[in-house]
Structure formats: structure tokens, C-alpha cells
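Next comes protein_36.txt, a file with compact mmCIF, C-alpha atoms.
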```txt
# COMPACT_ATOMS: atom_id res chain seq x y z
CA MET A 1 101.67 85.97 107.14
CA ARG A 2 100.31 85.53 103.60
CA ASN A 3 97.05 84.15 105.04
CA ARG A 4 96.79 87.04 107.50
CA ASN A 5 97.38 89.52 104.66
CA ARG A 6 95.09 87.81 102.13
CA ASP A 7 92.54 90.66 102.01
CA TRP A 8 95.27 93.32 102.09
CA LEU A 9 97.12 91.81 99.11
CA ARG A 10 94.28 90.30 97.05
CA ARG A 11 93.81 93.38 94.81
CA TRP A 12 97.49 93.25 93.82
CA ASP A 13 98.27 89.51 93.75
CA ALA A 14 98.98 87.73 90.49
CA THR A 15 96.43 85.08 89.57
CA SER A 16 96.31 82.43 86.88
CA PRO A 17 93.92 82.87 83.96
CA ALA A 18 91.34 80.14 83.39
CA GLY A 19 92.95 77.00 82.06
CA VAL A 20 96.46 77.94 83.20
CA SER A 21 97.71 76.33 86.38
CA GLY A 22 100.02 78.01 88.85
CA PRO A 23 101.30 77.06 92.29
CA ARG A 24 98.39 75.90 94.46
CA SER A 25 100.12 76.32 97.79
CA PHE A 26 102.83 78.38 99.46
CA GLY A 27 105.09 75.31 99.38
CA GLU A 28 104.62 74.94 95.63
CA MET A 29 105.38 78.64 95.16
CA VAL A 30 108.63 78.27 97.14
CA SER A 31 109.59 75.20 95.06
CA THR A 32 108.87 77.11 91.85
CA TYR A 33 111.00 80.07 92.98
CA ARG A 34 113.87 77.76 93.95
CA ARG A 35 113.78 75.99 90.58
CA GLN A 36 113.61 79.32 88.68
CA ALA A 37 116.41 80.80 90.81
CA ARG A 38 118.68 77.82 90.07
CA ALA A 39 117.95 78.35 86.37
CA GLY A 40 118.85 82.07 86.62
CA GLN A 41 115.31 83.20 85.76
CA THR A 42 114.23 84.63 89.12
CA LEU A 43 115.79 86.19 92.22
CA PRO A 44 113.38 85.99 95.19
CA PHE A 45 114.29 88.21 98.17
CA MET A 46 112.54 88.31 101.54
CA VAL A 47 112.12 91.56 103.46
CA VAL A 48 113.04 90.88 107.08
CA VAL A 49 112.60 93.41 109.89
CA GLU A 50 114.04 92.66 113.33
CA GLY A 51 114.07 88.95 112.50
CA GLN A 52 110.47 88.91 111.26
CA LEU A 53 109.35 88.25 107.71
CA ALA A 54 107.80 91.51 106.49
CA GLY A 55 107.46 91.10 102.71
CA GLN A 56 109.08 90.11 99.47
CA VAL A 57 110.79 91.62 96.44
CA THR A 58 111.10 89.30 93.45
CA VAL A 59 113.17 89.82 90.34
CA ASN A 60 111.33 88.00 87.53
CA ASN A 61 111.73 87.34 83.83
CA ILE A 62 115.50 87.78 83.81
CA VAL A 63 116.74 88.21 80.25
CA ARG A 64 120.40 87.78 79.44
CA GLY A 65 122.20 88.11 76.11
CA SER A 66 121.87 91.52 74.49
CA GLY A 67 118.99 92.55 76.81
CA GLN A 68 120.34 92.16 80.38
CA PHE A 69 117.07 93.24 82.03
CA ALA A 70 114.41 91.99 84.42
CA SER A 71 111.14 92.95 86.11
CA ILE A 72 110.59 93.52 89.82
CA GLY A 73 107.48 92.81 91.85
CA TYR A 74 107.00 93.41 95.57
CA TRP A 75 104.63 93.26 98.51
CA ILE A 76 104.73 94.16 102.20
CA ASP A 77 102.85 92.93 105.25
CA GLU A 78 100.12 95.43 106.15
CA ALA A 79 101.63 95.73 109.66
CA TYR A 80 104.82 97.18 108.10
CA ALA A 81 103.24 99.35 105.40
CA GLY A 82 103.87 103.09 105.31
CA ARG A 83 107.33 102.98 106.92
CA GLY A 84 109.44 103.23 103.75
CA LEU A 85 110.57 99.60 104.06
CA THR A 86 109.35 98.62 100.61
CA THR A 87 111.13 101.58 99.01
CA GLN A 88 114.37 100.69 100.82
CA ALA A 89 114.04 97.00 99.90
CA VAL A 90 113.36 97.76 96.23
CA ALA A 91 116.37 100.11 96.14
CA MET A 92 118.59 97.39 97.61
CA VAL A 93 117.33 94.79 95.13
CA ILE A 94 117.86 97.14 92.19
CA ASP A 95 121.44 97.68 93.35
CA HIS A 96 121.87 93.91 93.56
CA CYS A 97 120.50 93.59 90.01
CA PHE A 98 122.93 96.19 88.68
CA TYR A 99 126.09 95.43 90.63
CA ALA A 100 125.91 91.72 91.54
CA ALA A 101 123.67 90.24 88.83
CA ARG A 102 125.12 92.65 86.23
CA LEU A 103 121.77 93.57 84.71
CA HIS A 104 121.46 96.78 82.70
CA ARG A 105 117.76 97.62 83.11
CA VAL A 106 115.09 96.94 85.73
CA GLU A 107 111.39 97.36 84.99
CA VAL A 108 108.39 97.71 87.30
CA ALA A 109 104.74 97.31 86.21
CA ILE A 110 102.14 98.87 88.53
CA ARG A 111 98.37 98.99 88.39
CA PRO A 112 97.25 102.62 87.97
CA GLU A 113 95.15 102.52 91.17
CA ASN A 114 97.97 101.15 93.36
CA ALA A 115 98.96 104.43 95.01
CA ALA A 116 101.37 102.81 97.48
CA SER A 117 103.40 101.09 94.76
CA LEU A 118 103.37 104.22 92.62
CA ARG A 119 104.82 106.10 95.59
CA VAL A 120 107.72 103.60 95.74
CA VAL A 121 108.83 104.31 92.16
CA GLU A 122 108.25 108.04 92.68
CA LYS A 123 110.50 108.11 95.77
CA LEU A 124 113.15 106.15 93.85
CA GLY A 125 112.95 108.48 90.85
CA ILE A 126 112.16 105.65 88.43
CA LYS A 127 110.74 107.08 85.21
CA GLU A 128 107.51 106.01 83.57
CA TYR A 129 107.89 104.89 79.97
CA GLY A 130 104.54 103.44 78.98
CA TYR A 131 101.11 102.06 79.60
CA ALA A 132 100.11 98.43 79.02
CA PRO A 133 96.39 97.66 78.74
CA ARG A 134 95.39 94.24 80.13
CA TYR A 135 99.05 93.50 80.91
CA LEU A 136 99.00 91.03 83.81
CA HIS A 137 96.41 88.71 85.31
CA ILE A 138 95.81 90.16 88.78
CA ASP A 139 92.98 89.50 91.23
CA GLY A 140 91.12 87.34 88.73
CA ASP A 141 91.27 89.45 85.56
CA TRP A 142 93.62 91.04 83.04
CA ARG A 143 94.63 94.44 84.46
CA ASP A 144 96.15 97.57 82.97
CA HIS A 145 99.58 98.62 84.22
CA ARG A 146 101.78 101.67 84.14
CA LEU A 147 105.35 100.76 83.15
CA PHE A 148 108.50 102.15 84.77
CA ALA A 149 112.18 101.42 84.17
CA VAL A 150 115.65 102.41 85.27
CA THR A 151 119.06 101.63 83.80
CA VAL A 152 122.37 101.37 85.60
CA GLU A 153 123.59 104.58 83.91
CA GLU A 154 120.75 106.55 85.51
CA VAL A 155 121.87 105.78 89.06
CA PRO A 156 125.62 106.28 89.38
CA GLY A 157 126.55 105.11 92.84
CA GLY A 158 123.38 103.03 93.11
CA MET A 159 119.72 103.33 93.96
CA VAL A 160 120.25 103.15 97.73
CA ARG A 161 122.60 106.13 97.49
CA ARG A 162 120.04 108.03 95.39
CA LEU A 163 117.35 107.31 97.96
CA GLN A 164 119.56 108.47 100.84
CA LYS A 165 120.36 111.72 99.03
CA ALA A 166 116.65 112.36 98.37
CA ARG A 167 115.59 111.96 102.01
CA PRO A 168 115.24 115.15 104.01
CA GLN A 169 117.92 115.51 106.66
```

Show this structure as C-alpha cells.
Amino acid sequence: MRNRNRDWLRRWDATSPAGVSGPRSFGEMVSTYRRQARAGQTLPFMVVVEGQLAGQVTVNNIVRGSGQFASIGYWIDEAYAGRGLTTQAVAMVIDHCFYAARLHRVEVAIRPENAASLRVVEKLGIKEYGYAPRYLHIDGDWRDHRLFAVTVEEVPGGMVRRLQKARPQ
């Protein structure tokens, strides 16, 4: 699926800057996620639709102690795009972060030109709090990002509940 979606995802995929090595294969990426998950640094979730892998939501950079926050990144197979699946998956993962992982804050960094990802945070009512020039290495260069965050106090009852209430009946 990642190979089939290479062109679809390339503009948004994290890359490694020159001189910094990252996973060279899908298998290495899975091994890295497993190791980081065991260490409590990452929570990788797969989006599955009718038994088929459709995408991924990953909770990264988990900070404990006085911070209790993390970042979320996500992608969806082009064949499933535009159906609200990413928004639903992100809402579910945020609820997991707040109620199972006991995090206090979840952040999302989005490239300004990524209209689809911006729509996800808009539909979830996640507020923008800043702008980070040259924030992450994406598609071969350092890219600017808009920064969004939500805390557990902002979504009493959870993000999934908020999303359900916001949908037209």
C-alpha cells in the first residue's frame, strides 16, 4: 500500500536530512516503531476499514513528567481519502491519548499547503497556537508548519463525542 501511494504521500512524508539515517525499509520502520512503543515513546495505530489497511495514526514524541503531551501524525491511502476516516481515526487516537495513556495535551503540526490535514483539525475543533518555520524535514527539505493543540479539558466527554455532535444529522 505504501508503494502504491508513494506519489500521493511523497509531499507529506517525513524524510531524513543529509547525514542523518532513518529506516531504509518498511520492515525497519516497523522495528523502530515496536522498539519505541515498548519504551513508551510512540503509539503507532493502523487505520483498518473492512479488514483492509487504510492508513496510520502515530502518536510520537511522548513526554511524561510535568508535560504529559505528545504529537500526532497521520496518513490515509488515497483510495480511502475524502470519507472522513482520517478525522474519525484521529479523534479515536486523541481519546486514547487522554483516557488510556493519560496524556494532557496532544499537538498536530501541519504544512500550510496540506488542505486535507488542515480540514481534519478544523472538523475536530483543534485550535491553532503557532507557526513554526522550517519545523520538520518533509519531502527532502525543512518545511514550515502550522501548529495545533488540544488539552483534555477542552473536550469533556472526548473527541469522538465532539465530532459526533458536530456532524449534521

| query | So which one's closest to A:Gly73, A:Leu85, A:Ala37, A:Ala109, A:Leu124? Using only C-alpha atoms, please. | reply |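 Checking each of A:Leu85, A:Ala37, A:Ala109, A:Leu124 against A:Gly73, counting only C-alpha atoms, the winner is A:Ala109.
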
| request: Scan for residues within 6 Å of the point (107.8, 103.3, 87.0) in the coordinates of the file, using only C-alpha atoms, and reply as a list in words. | output: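 Residues with an atom at most 6 Å from (107.8, 103.3, 87.0): Val108, Val121, Ile126, Lys127, Glu128, Leu147, Phe148 and Ala149 of chain A.
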
| Residues near A:Ala79, cut-off 9 Å, only C-alpha atoms, skip fewer than 3 positions along chain, as a list in words |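 Near A:Ala79, the qualifying residues are Ala54, Ile76 and Gly82 of chain A.
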
| query | Using only C-alpha atoms, which residue out of A:Arg83, A:Ala116, A:Ala70, A:Val90 lies closest to A:Phe45? | reply |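 So, comparing all the options, the nearest one is A:Val90.
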
9 Å contact set for A:Leu43, only C-alpha atoms, chain neighbours under 5 positions out, as a tab-separated table (two decimals) with C-alpha atoms, keeping the file's coordinate frame:
```tsv
chain	number	residue	atom	x	y	z
A	33	TYR	CA	111.00	80.07	92.98
A	34	ARG	CA	113.87	77.76	93.95
A	36	GLN	CA	113.61	79.32	88.68
A	37	ALA	CA	116.41	80.80	90.81
A	57	VAL	CA	110.79	91.62	96.44
A	58	THR	CA	111.10	89.30	93.45
A	59	VAL	CA	113.17	89.82	90.34
A	60	ASN	CA	111.33	88.00	87.53
A	62	ILE	CA	115.50	87.78	83.81
```

| message | So, with all atoms listed in the file as the atoms that count, which of A:Phe69, A:Trp8, A:Trp75, A:Tyr131 lies closest to A:Gln41? | response |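 Closest candidate: A:Phe69.
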
| query | Between A:Glu122, A:Glu50, A:Glu113, A:Asp13, which one has atoms that come closest to A:Thr87, using only C-alpha atoms? | reply |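 For A:Thr87, the nearest of the given residues is A:Glu122.
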
| Quick one, how far is atom CA of A:Val106 from atom CA of A:Ser71? |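 Computing it gives 5.6 Å between the two atoms.
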
| message | What's the separation between atom CA of A:Leu118 and atom CA of A:Gln56, in Å to one decimal place? | response |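 Straight-line distance from atom CA of A:Leu118 to atom CA of A:Gln56 works out to 16.7 Å.
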
| task | Have a look at A:Asp141, A:Met1, A:Ile94, A:Ala81 and name the one nearest to A:Gln52; count all atoms listed in the file. | result |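 The answer is A:Met1, which sits nearest to A:Gln52.
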
| Point-to-point distance in Å for atom CA of A:Asn114 and atom CA of A:Tyr99 |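 One can read the atom CA of A:Tyr99 to atom CA of A:Asn114 distance as 28.8 Å.
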
| task | For A:Thr151, please output as a ChimeraX atom specification all residues within 8 Å (counting only C-alpha atoms; exclusion window: fewer than 3 positions along the same chain). | result | /A:104-106,154-155

| message | For A:Leu9, find every residue with an atom within 10 Å (counting all atoms listed in the file), except residues of its own chain fewer than 6 positions away, and show them as a list in words. | response |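 Everything that qualifies: Arg2, Asn3, Trp75, Ile76, Asp77, Glu78 and Asp139 of chain A.
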
| field | Residue nearest A:Met46 among A:Tyr129, A:Trp142, A:Phe26, A:Tyr74 (counting all atoms listed in the file) | value |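 Of A:Tyr129, A:Trp142, A:Phe26, A:Tyr74, the one nearest A:Met46, counting all atoms listed in the file, is A:Tyr74.
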
| task | Find the residues around A:Lys165 up to 12 Å (all atoms listed in the file counted), leave out those fewer than 4 positions away in its own chain, and share them as a list of chain:residue names. | result |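 Residues near the query, excluding close chain neighbours: A:Lys123, A:Leu124, A:Gly125, A:Val155, A:Gly157, A:Gly158, A:Met159, A:Val160, A:Arg161, A:Gln169.
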
Let me have the centre and edge lengths of the axis-aligned box enclosing all listed atoms of stretch 128-132 of chain A with 8 Å padding on every side, in Å to one decimal, as AutoDock Vina command-line options.
```
--center_x 104.0 --center_y 102.2 --center_z 81.3 --size_x 23.8 --size_y 23.6 --size_z 20.6
```

| task | Take the point (95.6, 94.6, 78.3) in the file's coordinates, draw a sphere of radius 12 Å around it, and report as a list in words every protein, DNA or RNA residue with an atom inside or on it, counting all atoms listed in the file. | result |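 Those residues lying close to the given coordinates are Arg111, Tyr131, Ala132, Pro133, Arg134, Tyr135, Leu136, His137, Ile138, Asp141, Trp142, Arg143, Asp144, His145 and Arg146 of chain A.
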